[in-house]
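S.K.: upload-v2.pdb is reproduced below (PDB, C-alpha atoms and all ligand atoms).
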```pdb
ATOM      1  CA  MET A   1      30.999  61.451 -94.681  1.00  0.00           C
ATOM      2  CA  ALA A   2      31.502  57.752 -95.426  1.00  0.00           C
ATOM      3  CA  ASP A   3      34.881  57.998 -93.734  1.00  0.00           C
ATOM      4  CA  ILE A   4      33.386  59.555 -90.632  1.00  0.00           C
ATOM      5  CA  LEU A   5      30.691  56.858 -90.471  1.00  0.00           C
ATOM      6  CA  SER A   6      33.132  54.006 -90.900  1.00  0.00           C
ATOM      7  CA  ASP A   7      35.356  55.572 -88.259  1.00  0.00           C
ATOM      8  CA  MET A   8      32.407  55.804 -85.865  1.00  0.00           C
ATOM      9  CA  ASN A   9      31.534  52.205 -86.582  1.00  0.00           C
ATOM     10  CA  ARG A  10      35.043  51.026 -85.870  1.00  0.00           C
ATOM     11  CA  HIS A  11      34.960  52.819 -82.522  1.00  0.00           C
ATOM     12  CA  LEU A  12      31.505  51.557 -81.663  1.00  0.00           C
ATOM     13  CA  ASN A  13      32.521  48.015 -82.501  1.00  0.00           C
ATOM     14  CA  ASN A  14      35.577  48.098 -80.327  1.00  0.00           C
ATOM     15  CA  GLU A  15      34.104  45.981 -77.569  1.00  0.00           C
ATOM     16  CA  GLN A  16      36.043  43.392 -75.624  1.00  0.00           C
ATOM     17  CA  ASN A  17      34.217  40.532 -73.916  1.00  0.00           C
ATOM     18  CA  ILE A  18      35.545  39.535 -70.508  1.00  0.00           C
ATOM     19  CA  ALA A  19      34.550  36.284 -68.767  1.00  0.00           C
ATOM     20  CA  ILE A  20      34.562  36.491 -64.954  1.00  0.00           C
ATOM     21  CA  GLY A  21      33.896  33.790 -62.361  1.00  0.00           C
ATOM     22  CA  ILE A  22      32.406  34.430 -58.943  1.00  0.00           C
ATOM     23  CA  ILE A  23      33.592  31.242 -57.244  1.00  0.00           C
ATOM     24  CA  ILE A  24      31.251  30.634 -54.306  1.00  0.00           C
ATOM     25  CA  ASN A  25      31.394  27.744 -51.830  1.00  0.00           C
ATOM     26  CA  THR A  26      28.602  26.254 -49.735  1.00  0.00           C
ATOM     27  CA  ASN A  27      29.398  28.677 -46.854  1.00  0.00           C
ATOM     28  CA  ASN A  28      28.836  31.650 -49.209  1.00  0.00           C
ATOM     29  CA  ASP A  29      32.543  32.503 -49.215  1.00  0.00           C
ATOM     30  CA  ILE A  30      33.890  34.031 -52.429  1.00  0.00           C
ATOM     31  CA  PHE A  31      37.345  33.438 -53.904  1.00  0.00           C
ATOM     32  CA  VAL A  32      39.013  36.768 -54.758  1.00  0.00           C
ATOM     33  CA  ALA A  33      42.459  37.835 -55.952  1.00  0.00           C
ATOM     34  CA  ILE A  34      44.354  41.106 -55.764  1.00  0.00           C
ATOM     35  CA  ARG A  35      45.156  42.626 -59.153  1.00  0.00           C
ATOM     36  CA  PRO A  36      48.943  42.810 -59.414  1.00  0.00           C
ATOM     37  CA  ASP A  37      51.112  45.890 -60.068  1.00  0.00           C
ATOM     38  CA  GLY A  38      51.367  46.771 -63.725  1.00  0.00           C
ATOM     39  CA  LYS A  39      47.785  45.741 -64.557  1.00  0.00           C
ATOM     40  CA  SER A  40      44.782  48.040 -64.708  1.00  0.00           C
ATOM     41  CA  TYR A  41      43.112  48.458 -61.299  1.00  0.00           C
ATOM     42  CA  ALA A  42      46.314  47.257 -59.578  1.00  0.00           C
ATOM     43  CA  GLY A  43      45.808  46.693 -55.860  1.00  0.00           C
ATOM     44  CA  LEU A  44      42.042  46.255 -56.150  1.00  0.00           C
ATOM     45  CA  PHE A  45      40.274  42.940 -55.636  1.00  0.00           C
ATOM     46  CA  GLU A  46      38.991  40.990 -58.642  1.00  0.00           C
ATOM     47  CA  PHE A  47      37.145  37.813 -59.385  1.00  0.00           C
ATOM     48  CA  PRO A  48      39.292  35.517 -61.556  1.00  0.00           C
ATOM     49  CA  GLY A  49      38.738  35.809 -65.297  1.00  0.00           C
ATOM     50  CA  GLY A  50      39.965  37.556 -68.406  1.00  0.00           C
ATOM     51  CA  LYS A  51      39.591  38.349 -72.064  1.00  0.00           C
ATOM     52  CA  VAL A  52      37.483  36.158 -74.321  1.00  0.00           C
ATOM     53  CA  GLU A  53      39.479  35.270 -77.449  1.00  0.00           C
ATOM     54  CA  ALA A  54      38.106  35.754 -80.970  1.00  0.00           C
ATOM     55  CA  ASP A  55      35.565  33.019 -81.828  1.00  0.00           C
ATOM     56  CA  GLU A  56      35.760  31.573 -78.298  1.00  0.00           C
ATOM     57  CA  ASP A  57      32.545  30.696 -76.455  1.00  0.00           C
ATOM     58  CA  ILE A  58      32.269  32.885 -73.324  1.00  0.00           C
ATOM     59  CA  GLN A  59      31.825  29.971 -70.893  1.00  0.00           C
ATOM     60  CA  ASP A  60      34.745  28.135 -72.556  1.00  0.00           C
ATOM     61  CA  ALA A  61      36.814  31.292 -72.030  1.00  0.00           C
ATOM     62  CA  LEU A  62      35.806  31.305 -68.372  1.00  0.00           C
ATOM     63  CA  ARG A  63      36.835  27.642 -67.949  1.00  0.00           C
ATOM     64  CA  ARG A  64      40.172  28.383 -69.642  1.00  0.00           C
ATOM     65  CA  GLU A  65      40.845  31.501 -67.527  1.00  0.00           C
ATOM     66  CA  LEU A  66      39.938  29.693 -64.290  1.00  0.00           C
ATOM     67  CA  MET A  67      42.336  26.863 -65.139  1.00  0.00           C
ATOM     68  CA  GLU A  68      45.129  29.314 -66.109  1.00  0.00           C
ATOM     69  CA  GLU A  69      44.722  31.708 -63.193  1.00  0.00           C
ATOM     70  CA  VAL A  70      43.495  29.611 -60.255  1.00  0.00           C
ATOM     71  CA  GLY A  71      43.953  25.964 -61.318  1.00  0.00           C
ATOM     72  CA  ILE A  72      40.365  24.715 -61.125  1.00  0.00           C
ATOM     73  CA  TYR A  73      38.102  23.038 -63.657  1.00  0.00           C
ATOM     74  CA  ALA A  74      34.637  24.620 -63.330  1.00  0.00           C
ATOM     75  CA  THR A  75      31.841  22.026 -63.533  1.00  0.00           C
ATOM     76  CA  LYS A  76      28.844  24.228 -62.697  1.00  0.00           C
ATOM     77  CA  ILE A  77      28.525  27.721 -64.141  1.00  0.00           C
ATOM     78  CA  GLU A  78      25.448  29.973 -63.975  1.00  0.00           C
ATOM     79  CA  ASP A  79      24.846  33.350 -65.646  1.00  0.00           C
ATOM     80  CA  PHE A  80      24.857  36.126 -63.064  1.00  0.00           C
ATOM     81  CA  SER A  81      25.044  39.521 -64.752  1.00  0.00           C
ATOM     82  CA  VAL A  82      26.474  41.483 -67.654  1.00  0.00           C
ATOM     83  CA  GLU A  83      28.007  44.932 -67.093  1.00  0.00           C
ATOM     84  CA  LYS A  84      29.522  47.493 -69.443  1.00  0.00           C
ATOM     85  CA  SER A  85      32.671  49.378 -68.579  1.00  0.00           C
ATOM     86  CA  VAL A  86      33.702  52.231 -70.848  1.00  0.00           C
ATOM     87  CA  VAL A  87      37.482  52.380 -70.701  1.00  0.00           C
ATOM     88  CA  SER A  88      38.020  55.061 -73.344  1.00  0.00           C
ATOM     89  CA  GLU A  89      36.385  56.517 -76.427  1.00  0.00           C
ATOM     90  CA  SER A  90      37.563  53.515 -78.400  1.00  0.00           C
ATOM     91  CA  LEU A  91      37.256  50.657 -75.897  1.00  0.00           C
ATOM     92  CA  CYS A  92      34.281  49.279 -74.045  1.00  0.00           C
ATOM     93  CA  LEU A  93      34.491  46.138 -71.920  1.00  0.00           C
ATOM     94  CA  ILE A  94      31.496  43.815 -71.740  1.00  0.00           C
ATOM     95  CA  LEU A  95      31.961  42.001 -68.467  1.00  0.00           C
ATOM     96  CA  HIS A  96      30.124  38.654 -68.247  1.00  0.00           C
ATOM     97  CA  PHE A  97      29.864  37.632 -64.605  1.00  0.00           C
ATOM     98  CA  PHE A  98      29.074  33.984 -63.802  1.00  0.00           C
ATOM     99  CA  LEU A  99      28.520  32.135 -60.548  1.00  0.00           C
ATOM    100  CA  VAL A 100      30.815  29.131 -60.284  1.00  0.00           C
ATOM    101  CA  THR A 101      29.192  26.775 -57.796  1.00  0.00           C
ATOM    102  CA  ALA A 102      31.061  23.495 -58.452  1.00  0.00           C
ATOM    103  CA  TRP A 103      34.598  22.728 -59.619  1.00  0.00           C
ATOM    104  CA  GLU A 104      37.394  20.166 -59.561  1.00  0.00           C
ATOM    105  CA  GLY A 105      40.591  21.066 -57.688  1.00  0.00           C
ATOM    106  CA  GLU A 106      41.209  23.735 -55.079  1.00  0.00           C
ATOM    107  CA  PRO A 107      41.616  27.344 -56.296  1.00  0.00           C
ATOM    108  CA  PHE A 108      44.969  29.047 -55.613  1.00  0.00           C
ATOM    109  CA  GLY A 109      46.983  31.946 -57.053  1.00  0.00           C
ATOM    110  CA  LYS A 110      48.560  30.002 -59.909  1.00  0.00           C
ATOM    111  CA  GLU A 111      50.116  33.157 -61.417  1.00  0.00           C
ATOM    112  CA  GLY A 112      51.567  34.226 -58.066  1.00  0.00           C
ATOM    113  CA  GLN A 113      48.683  36.583 -57.278  1.00  0.00           C
ATOM    114  CA  THR A 114      47.505  37.024 -53.689  1.00  0.00           C
ATOM    115  CA  THR A 115      44.173  35.270 -53.182  1.00  0.00           C
ATOM    116  CA  GLN A 116      41.679  34.902 -50.373  1.00  0.00           C
ATOM    117  CA  TRP A 117      38.265  33.435 -49.530  1.00  0.00           C
ATOM    118  CA  ILE A 118      36.010  36.198 -48.180  1.00  0.00           C
ATOM    119  CA  ALA A 119      32.459  35.851 -46.804  1.00  0.00           C
ATOM    120  CA  ALA A 120      30.166  37.285 -49.498  1.00  0.00           C
ATOM    121  CA  ASN A 121      28.333  39.552 -47.066  1.00  0.00           C
ATOM    122  CA  THR A 122      31.606  41.211 -45.986  1.00  0.00           C
ATOM    123  CA  LEU A 123      32.878  42.079 -49.486  1.00  0.00           C
ATOM    124  CA  ILE A 124      33.401  45.829 -49.820  1.00  0.00           C
ATOM    125  CA  PRO A 125      32.295  47.057 -53.282  1.00  0.00           C
ATOM    126  CA  ASP A 126      34.774  49.984 -53.232  1.00  0.00           C
ATOM    127  CA  MET A 127      37.662  47.535 -53.090  1.00  0.00           C
ATOM    128  CA  PHE A 128      36.778  46.226 -56.604  1.00  0.00           C
ATOM    129  CA  PRO A 129      36.813  47.923 -60.037  1.00  0.00           C
ATOM    130  CA  PRO A 130      33.732  50.123 -60.626  1.00  0.00           C
ATOM    131  CA  ALA A 131      31.958  47.603 -62.888  1.00  0.00           C
ATOM    132  CA  ASN A 132      31.933  45.058 -60.027  1.00  0.00           C
ATOM    133  CA  GLN A 133      30.172  47.254 -57.523  1.00  0.00           C
ATOM    134  CA  ASP A 134      26.534  46.611 -58.522  1.00  0.00           C
ATOM    135  CA  VAL A 135      27.398  42.946 -59.007  1.00  0.00           C
ATOM    136  CA  ILE A 136      28.535  42.688 -55.397  1.00  0.00           C
ATOM    137  CA  LEU A 137      25.425  44.439 -54.089  1.00  0.00           C
ATOM    138  CA  LYS A 138      23.246  42.038 -56.133  1.00  0.00           C
ATOM    139  CA  LEU A 139      25.233  39.062 -54.853  1.00  0.00           C
ATOM    140  CA  GLN A 140      24.798  40.158 -51.242  1.00  0.00           C
ATOM    141  CA  SER A 141      21.083  40.814 -51.709  1.00  0.00           C
ATOM    142  CA  ASP A 142      20.571  37.430 -53.455  1.00  0.00           C
ATOM    143  CA  ILE A 143      22.312  35.664 -50.582  1.00  0.00           C
ATOM    144  CA  ILE A 144      20.156  37.405 -47.954  1.00  0.00           C
ATOM    145  CA  HIS A 145      17.011  36.337 -49.845  1.00  0.00           C
ATOM    146  CA  LEU A 146      18.311  32.827 -50.340  1.00  0.00           C
ATOM    147  CA  ASN A 147      19.043  32.474 -46.620  1.00  0.00           C
ATOM    148  CA  LYS A 148      15.623  33.869 -45.665  1.00  0.00           C
ATOM    149  CA  ASN A 149      13.887  31.384 -47.965  1.00  0.00           C
ATOM    150  CA  ASN A 150      15.841  28.518 -46.456  1.00  0.00           C
ATOM    151  CA  GLN A 151      14.877  29.373 -42.878  1.00  0.00           C
TER     152      GLN A 151
HETATM  153  N1  LIG A 201      39.431  39.391 -64.152  1.00  0.00           N
HETATM  154  C1  LIG A 201      38.673  40.427 -63.849  1.00  0.00           C
HETATM  155  N2  LIG A 201      38.730  41.544 -64.630  1.00  0.00           N
HETATM  156  C2  LIG A 201      37.930  42.563 -64.266  1.00  0.00           C
HETATM  157  C3  LIG A 201      37.062  42.507 -63.147  1.00  0.00           C
HETATM  158  N3  LIG A 201      36.390  43.688 -63.053  1.00  0.00           N
HETATM  159  C4  LIG A 201      36.809  44.478 -64.081  1.00  0.00           C
HETATM  160  O1  LIG A 201      36.440  45.618 -64.327  1.00  0.00           O
HETATM  161  N4  LIG A 201      37.764  43.786 -64.818  1.00  0.00           N
HETATM  162  C5  LIG A 201      38.440  44.320 -65.988  1.00  0.00           C
HETATM  163  C6  LIG A 201      39.913  44.577 -65.755  1.00  0.00           C
HETATM  164  C7  LIG A 201      40.526  44.389 -67.109  1.00  0.00           C
HETATM  165  O2  LIG A 201      40.492  45.654 -67.764  1.00  0.00           O
HETATM  166  C8  LIG A 201      39.583  43.452 -67.844  1.00  0.00           C
HETATM  167  C9  LIG A 201      40.127  42.055 -68.120  1.00  0.00           C
HETATM  168  O3  LIG A 201      40.810  41.591 -67.123  1.00  0.00           O
HETATM  169  P1  LIG A 201      42.193  40.798 -67.046  1.00  0.00           P
HETATM  170  O4  LIG A 201      43.273  41.767 -66.770  1.00  0.00           O
HETATM  171  O5  LIG A 201      41.907  39.764 -66.013  1.00  0.00           O
HETATM  172  O6  LIG A 201      42.447  40.102 -68.459  1.00  0.00           O
HETATM  173  P2  LIG A 201      43.379  38.812 -68.712  1.00  0.00           P
HETATM  174  O7  LIG A 201      43.250  37.848 -67.583  1.00  0.00           O
HETATM  175  O8  LIG A 201      43.002  38.337 -70.096  1.00  0.00           O
HETATM  176  O9  LIG A 201      44.838  39.377 -68.587  1.00  0.00           O
HETATM  177  P3  LIG A 201      45.958  39.854 -69.611  1.00  0.00           P
HETATM  178  O10 LIG A 201      46.116  38.760 -70.628  1.00  0.00           O
HETATM  179  O11 LIG A 201      45.456  41.132 -70.179  1.00  0.00           O
HETATM  180  O12 LIG A 201      47.140  40.066 -68.725  1.00  0.00           O
HETATM  181  O13 LIG A 201      38.382  43.394 -67.061  1.00  0.00           O
HETATM  182  C10 LIG A 201      37.031  41.335 -62.348  1.00  0.00           C
HETATM  183  O14 LIG A 201      36.317  41.191 -61.351  1.00  0.00           O
HETATM  184  N5  LIG A 201      37.856  40.329 -62.739  1.00  0.00           N
HETATM  185 MG    MG A 202      42.661  37.914 -65.644  1.00  0.00          MG
END
```
Please go through the file and, once you have read it, give me the structure as structure tokens.
M.R.:
Amino acid sequence: MADILSDMNRHLNNEQNIAIGIIINTNNDIFVAIRPDGKSYAGLFEFPGGKVEADEDIQDALRRELMEEVGIYATKIEDFSVEKSVVSESLCLILHFFLVTAWEGEPFGKEGQTTQWIAANTLIPDMFPPANQDVILKLQSDIIHLNKNNQ
């Protein structure tokens, strides 16, 4: 019994935090990359980001990933949403999405990945991994409300 419980615990605890940056400019364009061959969700769009290391602060992880992957230093980061993605019985991703609204440098595909700025309201949720889909709908709805309030 104890063995079964400890086994269950190990599985339940197998969560991996992921820090993800939605880089948005003042025109409401979003910086996206295409996930390369050989990675999970290859060929789909992603927002830059990656795995949080043990004992690393999530926003520090985001700053590190953004520097490694797209060559920017993020200076303004806001919480946006947290999503769970169950990969298998023994792995669950906790995806921490942040808005990145100010940065130093100009983002580019530093690891050779294809990148693009896309108007937020034209992003197609189906072209991203499943965990991103609600995030994109929320982003688009927030932007519509923001624009209405500014009129
Ligand atoms: N970067 C990123 N990962 C995402 C998004 N949506 C989503 O489900 N994921 C998943 C895919 C991966 O299983 C996981 C972590 O992503 P990753 O492959 O970027 O991790 P990493 O940069 O640390 O890369 P690596 O060291 O494993 O090569 O999060 C997203 O928008 N951006
Ligand atoms: Mg990554």
S.K.: Quick one: distance from CA of Gly50 (chain A) to atom O9 of ligand LIG 201 (chain A) in Å, one decimal?
M.R.: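 Answer for the CA of Gly50 (chain A) to atom O9 of ligand LIG 201 (chain A) separation: 5.2 Å.
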S.K.: Identify, counting all atoms listed in the file, the protein, DNA and RNA residues located within 9 Å of ligand LIG 201 (chain A), and give them as a PyMOL selection string.
M.R.: chain A and resi 16-22+32-33+35+39-41+45-53+65+68-69+83-85+87+93-95+97+128-132
S.K.: Would you mind telling me which residue in A:Leu99, A:Leu146, A:Ile30, A:Ala54 lies nearest to Ser81 (chain A) when using all atoms listed in the file?
M.R.: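 Counting all atoms listed in the file, the residue closest to Ser81 (chain A) is A:Leu99.
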S.K.: Nearest to Asn27 (chain A) among A:Gln59, A:Thr114, A:Asn147, A:Gln133, with distances taken over all atoms listed in the file: which residue is it?
M.R.: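 Nearest candidate to Asn27 (chain A) out of A:Gln59, A:Thr114, A:Asn147, A:Gln133: A:Asn147.
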S.K.: For the structure shown, which residues end up in the PyMOL selection byres (((chain A and resi 70) around 6) and not hetatm)? Put them as a ChimeraX atom specification, please?
M.R.: /A:66-67,69,71-72,107-110
S.K.: How many Å lie between CA of Ile58 (chain A) and CA of Asp134 (chain A), rounded to one decimal?
M.R.: 21.0 Å
S.K.: I'd like to know which of A:Ala42, A:Glu78, A:Glu106, A:Thr101 is closest to ligand MG 202 (chain A), using all atoms listed in the file.
M.R.: A:Ala42
S.K.: Report the distance between CA of Leu62 (chain A) and CA of Trp103 (chain A) in Å, rounded to one decimal place.
M.R.: 12.3 Å
S.K.: Quick one: of A:Val82, A:Ile118, A:Ala61, A:Ile144, who's nearest to ligand MG 202 (chain A), counting only C-alpha atoms and all ligand atoms?
M.R.: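 For ligand MG 202 (chain A), the nearest of the candidates is A:Ala61.
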S.K.: Can you take the partial region 76-90 of chain A, add N, CA and C atoms, and return it as a PDB file, in the coordinates of the input?
M.R.:
```
ATOM      1  N   LYS A  76      30.187  23.642 -62.722  1.00  0.00           N
ATOM      2  CA  LYS A  76      28.844  24.228 -62.697  1.00  0.00           C
ATOM      3  C   LYS A  76      28.958  25.755 -62.766  1.00  0.00           C
ATOM      4  N   ILE A  77      28.411  26.282 -63.871  1.00  0.00           N
ATOM      5  CA  ILE A  77      28.525  27.721 -64.141  1.00  0.00           C
ATOM      6  C   ILE A  77      27.128  28.263 -64.415  1.00  0.00           C
ATOM      7  N   GLU A  78      26.769  29.352 -63.737  1.00  0.00           N
ATOM      8  CA  GLU A  78      25.448  29.973 -63.975  1.00  0.00           C
ATOM      9  C   GLU A  78      25.635  31.431 -64.354  1.00  0.00           C
ATOM     10  N   ASP A  79      24.816  31.917 -65.304  1.00  0.00           N
ATOM     11  CA  ASP A  79      24.846  33.350 -65.646  1.00  0.00           C
ATOM     12  C   ASP A  79      24.525  34.155 -64.395  1.00  0.00           C
ATOM     13  N   PHE A  80      25.211  35.272 -64.207  1.00  0.00           N
ATOM     14  CA  PHE A  80      24.857  36.126 -63.064  1.00  0.00           C
ATOM     15  C   PHE A  80      24.496  37.540 -63.509  1.00  0.00           C
ATOM     16  N   SER A  81      25.418  38.216 -64.202  1.00  0.00           N
ATOM     17  CA  SER A  81      25.044  39.521 -64.752  1.00  0.00           C
ATOM     18  C   SER A  81      26.032  39.964 -65.819  1.00  0.00           C
ATOM     19  N   VAL A  82      25.606  40.926 -66.614  1.00  0.00           N
ATOM     20  CA  VAL A  82      26.474  41.483 -67.654  1.00  0.00           C
ATOM     21  C   VAL A  82      26.560  42.987 -67.405  1.00  0.00           C
ATOM     22  N   GLU A  83      27.781  43.503 -67.365  1.00  0.00           N
ATOM     23  CA  GLU A  83      28.007  44.932 -67.093  1.00  0.00           C
ATOM     24  C   GLU A  83      28.874  45.517 -68.197  1.00  0.00           C
ATOM     25  N   LYS A  84      28.663  46.801 -68.473  1.00  0.00           N
ATOM     26  CA  LYS A  84      29.522  47.493 -69.443  1.00  0.00           C
ATOM     27  C   LYS A  84      30.484  48.388 -68.693  1.00  0.00           C
ATOM     28  N   SER A  85      31.712  48.459 -69.177  1.00  0.00           N
ATOM     29  CA  SER A  85      32.671  49.378 -68.579  1.00  0.00           C
ATOM     30  C   SER A  85      33.361  50.134 -69.710  1.00  0.00           C
ATOM     31  N   VAL A  86      33.103  51.431 -69.775  1.00  0.00           N
ATOM     32  CA  VAL A  86      33.702  52.231 -70.848  1.00  0.00           C
ATOM     33  C   VAL A  86      35.097  52.642 -70.389  1.00  0.00           C
ATOM     34  N   VAL A  87      36.089  52.120 -71.087  1.00  0.00           N
ATOM     35  CA  VAL A  87      37.482  52.380 -70.701  1.00  0.00           C
ATOM     36  C   VAL A  87      37.969  53.673 -71.355  1.00  0.00           C
ATOM     37  N   SER A  88      37.629  53.848 -72.623  1.00  0.00           N
ATOM     38  CA  SER A  88      38.020  55.061 -73.344  1.00  0.00           C
ATOM     39  C   SER A  88      37.044  55.228 -74.495  1.00  0.00           C
ATOM     40  N   GLU A  89      37.264  56.268 -75.287  1.00  0.00           N
ATOM     41  CA  GLU A  89      36.385  56.517 -76.427  1.00  0.00           C
ATOM     42  C   GLU A  89      36.367  55.319 -77.368  1.00  0.00           C
ATOM     43  N   SER A  90      37.453  54.586 -77.398  1.00  0.00           N
ATOM     44  CA  SER A  90      37.563  53.515 -78.400  1.00  0.00           C
ATOM     45  C   SER A  90      37.536  52.112 -77.785  1.00  0.00           C
TER      46      SER A  90
END
```
